[in-house]
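Inspection log for the structure reproduced underneath, given as structure tokens.
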Amino acid sequence: MAKPIVAIVGRPNVGKSLLFNKLTGRRTAIVEDTPGVTRDRLYGECDWNGRSFSLVDTGGIEMETDSQMLRFMRRQAETAIELADVIVMVTDVTVGLTAADSAVAAMLRKAKKPVVLAVNKCDSVGAVNPDVYEFYALGLGDPIEVSAVHGHGTGDLLDACVAAFPPETEEEADEELIRVAIIGKPNVGKSSLLNRILGEERVIVSDVAGTTRDAIDSYFENEWGKYCFIDTAGMRRRSKVDDAVERYSNLRTVAAVDRADVCLVLIDAQEGVTEQDTKIAGLAHEAGKACIIVVNKWDIVEKDTNTMAQMTEEIRRDLSYMPYAPVVFLSALTGRRVDRLFGQINAAANAAAMRITTGTLNSILEDATARVQPPSDKGRRLKIYYMTQAGVKPPHFVIFCNDARLFHFSYQRYLENQIRAVYGLEGTPVRITIRQKGDKEG
């Protein structure tokens with residue numbers, strides 16, 4: 001099942017982002033330091049008492065404002081509230097209860113979602129700050145004292161959030177069903193592609209209204225297999241107000257990516273890869289999802305014998321952090337090459353779920369180290385003891401060695417390429433964790 005979503009909301013300057021950083025900690029940056037990926041810090045992954053969930057930071061909510069930026073931020077906060085399973089409302093004990101707090105609380109009560117009230121900036125320990133009691137007037141239940149600076153009270157806050165989560169249910173997942181998210185910036189042809197897929201050669205198609213994710217899941221079956229296409233048409237257009245507001249535009253996309261097995265990253269053939277495309281593709285890459293880069297509107301591009309090769313080269317350059325993703329050129333309008341997607345989707349899903357035995361991995365490792373000797377530094381050489389697979393979706397390999405500091409990134413990439421040379425793994429990222437001798441496995 002999809003991870004619960006917790007949205008942090010409140011009026012401006014109450015410490016929402018600081019609390020977000022405290023709760024996510026180092027896990028805010030959930031991927032390796034890969035050149036070319038710009039990660040927006042709106043989303044974070046958390047784990048508390050065995051429950052994993054997504055944390056969403058939002059801009060300050062101003063109910064009455066003439067600022068176009070603040071109005072946009074309020075709309076995006078409303079979207080976060082709409083998608084959230086639990087809402088954390090943050091207030092400021094040093095300022096006290098304000099009319100703006102009351103207005104935000106009134107909006108949250110209308111949302112009819114579980115709300116956890118956090119009174120921030122309670123930085124001292126000991127007796128309850130008497131100023132906290134006035135926040136009972138918001139009608140959101142017991143306020144929880146927290147300090148985003150020091151971390152006081154965050155355990156109680158997370159306990160309250162987890163207690164309000166929907167119960168964990170083991171979905172009776174069809175093992176053959178592949179969930180596919182169609183993602184991309186507006187007007188790139190996401191809906192057209194979905195309509196083209198559902199409108200041709202269909203055997204079983206049904207639209208099921210999404211739950212709290214506010215998406216339409218389209219179930220589709222053909223000779224290639226069973227699929228659930230996740231619609232992301234609700235993603236907002238990039239605002240021209242200011243680049244800073246762009247970080248709010250991918251909320252629905254993140255929710256869809258989280259649920260997907262494979263992501264189709266749509267690119268407009270006329271525009272090529274834009275900055276927004278790199279951000280959206282980065283969301284799927286960082287989440288470890290299998291990806292296929294789909295160049296749409298290929299029918300209206302003037303072509304010669306080198307056009308496709310040139311555009312492929314440009315895509316590889318601009319999306320250099322995902323060289324594993326195949327590139328498919330098609331036209332959702334005419335349907336040309338759309339049928340090729342299914343084979344690519346199946347291959348990417350299978351690659352992401354592939355398990356390789358430890359014995360086979362170590363045979364590959366032995367051959368690779370014989371071909372290219374591990375690096376050394378100041379007379380100390382890297383010794384690699386063994387490799388094992390720790391997980392799938394994406395494939396995650398753990399390598400044990402004598403000194404992790406000697407394990408240069410370039411050698412990690414070399415070993416990854418050796419695994420790919422044997423097993424392909426086209427369409428899926430690969431994660432590699434380096435452990436020193438004596439570290440615990442797992």
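Letters for chains follow the order of the structure tokens (A, B, ...), residue numbers begin at 1 for each chain, and ligand numbers begin at 1 in the order shown.
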
Per DSSP on the backbone, filter range 291-336 of chain A down to the residues in strand (DSSP E) and report them as a ChimeraX atom specification.
/A:291-296,327-329

Give me every helix (DSSP H, G or I) residue in range 227-388 of chain A, going by DSSP on the backbone, as a PyMOL selection string.
chain A and resi 243-248+251-259+275-286+298-300+307-318+340-352+358-371

May I have the selected residues written with C-alpha atoms, as a short mmCIF file (atom, residue, chain, number, x, y, z; two decimals), in the first residue's frame?
```
data_model
loop_
_atom_site.label_atom_id
_atom_site.label_comp_id
_atom_site.auth_asym_id
_atom_site.auth_seq_id
_atom_site.Cartn_x
_atom_site.Cartn_y
_atom_site.Cartn_z
CA ASP A 243 11.05 30.08 -9.53
CA ALA A 244 10.75 29.52 -5.77
CA VAL A 245 7.11 28.46 -6.09
CA GLU A 246 8.13 25.66 -8.46
CA ARG A 247 8.97 23.47 -5.49
CA TYR A 248 5.26 23.17 -4.72
CA LEU A 251 2.86 17.26 -5.02
CA ARG A 252 0.49 15.02 -6.94
CA THR A 253 3.34 13.60 -9.00
CA VAL A 254 5.19 12.48 -5.87
CA ALA A 255 2.07 10.71 -4.58
CA ALA A 256 1.73 8.89 -7.91
CA VAL A 257 5.43 8.00 -8.14
CA ASP A 258 5.29 6.52 -4.64
CA ARG A 259 2.65 4.02 -5.74
CA GLU A 275 14.62 22.32 -16.30
CA GLN A 276 11.19 21.24 -15.07
CA ASP A 277 11.60 17.90 -16.88
CA THR A 278 14.86 17.27 -15.00
CA LYS A 279 13.14 17.94 -11.69
CA ILE A 280 10.21 15.63 -12.44
CA ALA A 281 12.47 12.86 -13.74
CA GLY A 282 14.62 13.36 -10.65
CA LEU A 283 11.64 12.62 -8.40
CA ALA A 284 11.26 9.17 -9.97
CA HIS A 285 15.01 8.51 -9.97
CA GLU A 286 15.39 9.49 -6.32
CA TRP A 298 7.39 12.97 -32.42
CA ASP A 299 4.98 13.21 -35.36
CA ILE A 300 5.24 17.01 -35.56
CA THR A 307 17.27 13.70 -35.73
CA MET A 308 16.46 10.80 -33.41
CA ALA A 309 20.11 10.10 -32.63
CA GLN A 310 20.78 13.78 -31.89
CA MET A 311 17.80 14.07 -29.56
CA THR A 312 18.75 10.85 -27.78
CA GLU A 313 22.22 12.29 -27.22
CA GLU A 314 20.70 15.53 -25.82
CA ILE A 315 18.43 13.56 -23.47
CA ARG A 316 21.38 11.47 -22.24
CA ARG A 317 23.29 14.66 -21.54
CA ASP A 318 20.46 16.51 -19.77
CA ARG A 340 6.24 -0.58 -28.11
CA LEU A 341 5.76 0.78 -24.61
CA PHE A 342 4.36 -2.45 -23.17
CA GLY A 343 7.47 -4.51 -23.86
CA GLN A 344 9.63 -1.76 -22.33
CA ILE A 345 7.34 -1.49 -19.28
CA ASN A 346 7.48 -5.25 -18.70
CA ALA A 347 11.26 -5.33 -19.08
CA ALA A 348 11.76 -2.40 -16.67
CA ALA A 349 9.41 -3.89 -14.07
CA ASN A 350 11.14 -7.27 -14.28
CA ALA A 351 14.58 -5.67 -13.99
CA ALA A 352 13.55 -3.69 -10.90
CA THR A 358 25.01 -14.29 -3.83
CA GLY A 359 27.08 -16.95 -5.57
CA THR A 360 26.45 -15.42 -8.99
CA LEU A 361 27.18 -11.91 -7.71
CA ASN A 362 30.51 -13.00 -6.29
CA SER A 363 31.46 -14.69 -9.54
CA ILE A 364 30.82 -11.37 -11.29
CA LEU A 365 32.78 -9.58 -8.56
CA GLU A 366 35.73 -11.96 -8.87
CA ASP A 367 35.86 -11.52 -12.64
CA ALA A 368 35.52 -7.73 -12.36
CA THR A 369 38.32 -7.33 -9.81
CA ALA A 370 40.58 -9.54 -11.92
CA ARG A 371 39.99 -7.29 -14.94
#
```

Spatial neighbours of Phe135 in chain A, 8 Å, only C-alpha atoms, chain gap at least 6 places, as an MDAnalysis selection string
chainID A and resid 96:97 119 143

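Nearest to Met354 in chain A of all the residues A:Lys297, A:Lys437, A:Lys393, A:Lys303 is A:Lys393, based on only C-alpha atoms.
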
Pick from A:Gly151, A:Ala160, A:Ile267, A:Leu19: nearest to Ser124 in chain A, with only C-alpha atoms counted?
A:Gly151

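If only C-alpha atoms are the atoms counted, then among A:Ala99, A:Glu64, A:Asn129, A:Ala163 the closest residue to Gly50 in chain A is A:Ala163.
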
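CA of Asn49 in chain A sits 25.3 Å away from CA of Pro395 in chain A.
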
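For the pair CA of Ala118 in chain A and CA of Asp92 in chain A, the separation is 8.6 Å.
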
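Candidate residues A:Thr79, A:Thr154, A:Thr428, A:Gln389 were compared for distance to Gly288 in chain A, and the nearest is A:Thr428, using only C-alpha atoms.
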
Restricting to only C-alpha atoms, whichever of A:Ala77, A:Ala260, A:Ala148, A:Asp101 is closest to Gly25 in chain A is A:Ala148

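Among A:Ala127, A:Gln76, A:Gly10, A:Phe20, the residue with the shortest atom-to-atom distance to Ala106 in chain A, counting only C-alpha atoms, is A:Gly10.
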
Can you pull out the residues contacting Tyr227 in chain A? Cut-off 9 Å, using only C-alpha atoms, and skip same-chain residues under 6 positions away; I want them as a ChimeraX atom specification.
/A:176-180,218-221

Generate a file of the selected residues that holds N, CA, C and O atoms, formatted as a PDB file, in the first residue's frame.
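Here's the written file result_19.pdb:
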```
ATOM      1  N   GLU A 176       0.861 -10.167 -11.009  1.00  0.00           N
ATOM      2  CA  GLU A 176       1.151  -9.852 -12.403  1.00  0.00           C
ATOM      3  C   GLU A 176       0.852  -8.401 -12.744  1.00  0.00           C
ATOM      4  O   GLU A 176       1.204  -7.930 -13.821  1.00  0.00           O
ATOM      5  N   LEU A 177       0.203  -7.664 -11.855  1.00  0.00           N
ATOM      6  CA  LEU A 177      -0.198  -6.295 -12.146  1.00  0.00           C
ATOM      7  C   LEU A 177       0.996  -5.354 -12.021  1.00  0.00           C
ATOM      8  O   LEU A 177       1.716  -5.367 -11.019  1.00  0.00           O
ATOM      9  N   ILE A 178       1.206  -4.527 -13.035  1.00  0.00           N
ATOM     10  CA  ILE A 178       2.268  -3.528 -13.019  1.00  0.00           C
ATOM     11  C   ILE A 178       1.628  -2.145 -12.918  1.00  0.00           C
ATOM     12  O   ILE A 178       0.784  -1.779 -13.742  1.00  0.00           O
ATOM     13  N   ARG A 179       2.030  -1.392 -11.892  1.00  0.00           N
ATOM     14  CA  ARG A 179       1.509  -0.031 -11.714  1.00  0.00           C
ATOM     15  C   ARG A 179       2.422   0.948 -12.453  1.00  0.00           C
ATOM     16  O   ARG A 179       3.622   0.988 -12.206  1.00  0.00           O
ATOM     17  N   VAL A 180       1.820   1.741 -13.324  1.00  0.00           N
ATOM     18  CA  VAL A 180       2.574   2.640 -14.192  1.00  0.00           C
ATOM     19  C   VAL A 180       2.092   4.073 -13.977  1.00  0.00           C
ATOM     20  O   VAL A 180       0.910   4.368 -14.177  1.00  0.00           O
ATOM     21  N   SER A 218      -6.502   3.593 -13.796  1.00  0.00           N
ATOM     22  CA  SER A 218      -7.121   2.934 -14.945  1.00  0.00           C
ATOM     23  C   SER A 218      -6.516   1.549 -15.097  1.00  0.00           C
ATOM     24  O   SER A 218      -5.326   1.408 -15.397  1.00  0.00           O
ATOM     25  N   TYR A 219      -7.332   0.538 -14.882  1.00  0.00           N
ATOM     26  CA  TYR A 219      -6.876  -0.848 -14.986  1.00  0.00           C
ATOM     27  C   TYR A 219      -7.068  -1.320 -16.424  1.00  0.00           C
ATOM     28  O   TYR A 219      -8.131  -1.139 -17.014  1.00  0.00           O
ATOM     29  N   PHE A 220      -6.023  -1.933 -16.957  1.00  0.00           N
ATOM     30  CA  PHE A 220      -6.006  -2.250 -18.371  1.00  0.00           C
ATOM     31  C   PHE A 220      -5.297  -3.580 -18.577  1.00  0.00           C
ATOM     32  O   PHE A 220      -4.285  -3.859 -17.932  1.00  0.00           O
ATOM     33  N   GLU A 221      -5.853  -4.397 -19.447  1.00  0.00           N
ATOM     34  CA  GLU A 221      -5.261  -5.702 -19.721  1.00  0.00           C
ATOM     35  C   GLU A 221      -5.228  -5.939 -21.219  1.00  0.00           C
ATOM     36  O   GLU A 221      -6.203  -5.668 -21.931  1.00  0.00           O
TER      37      GLU A 221
END
```
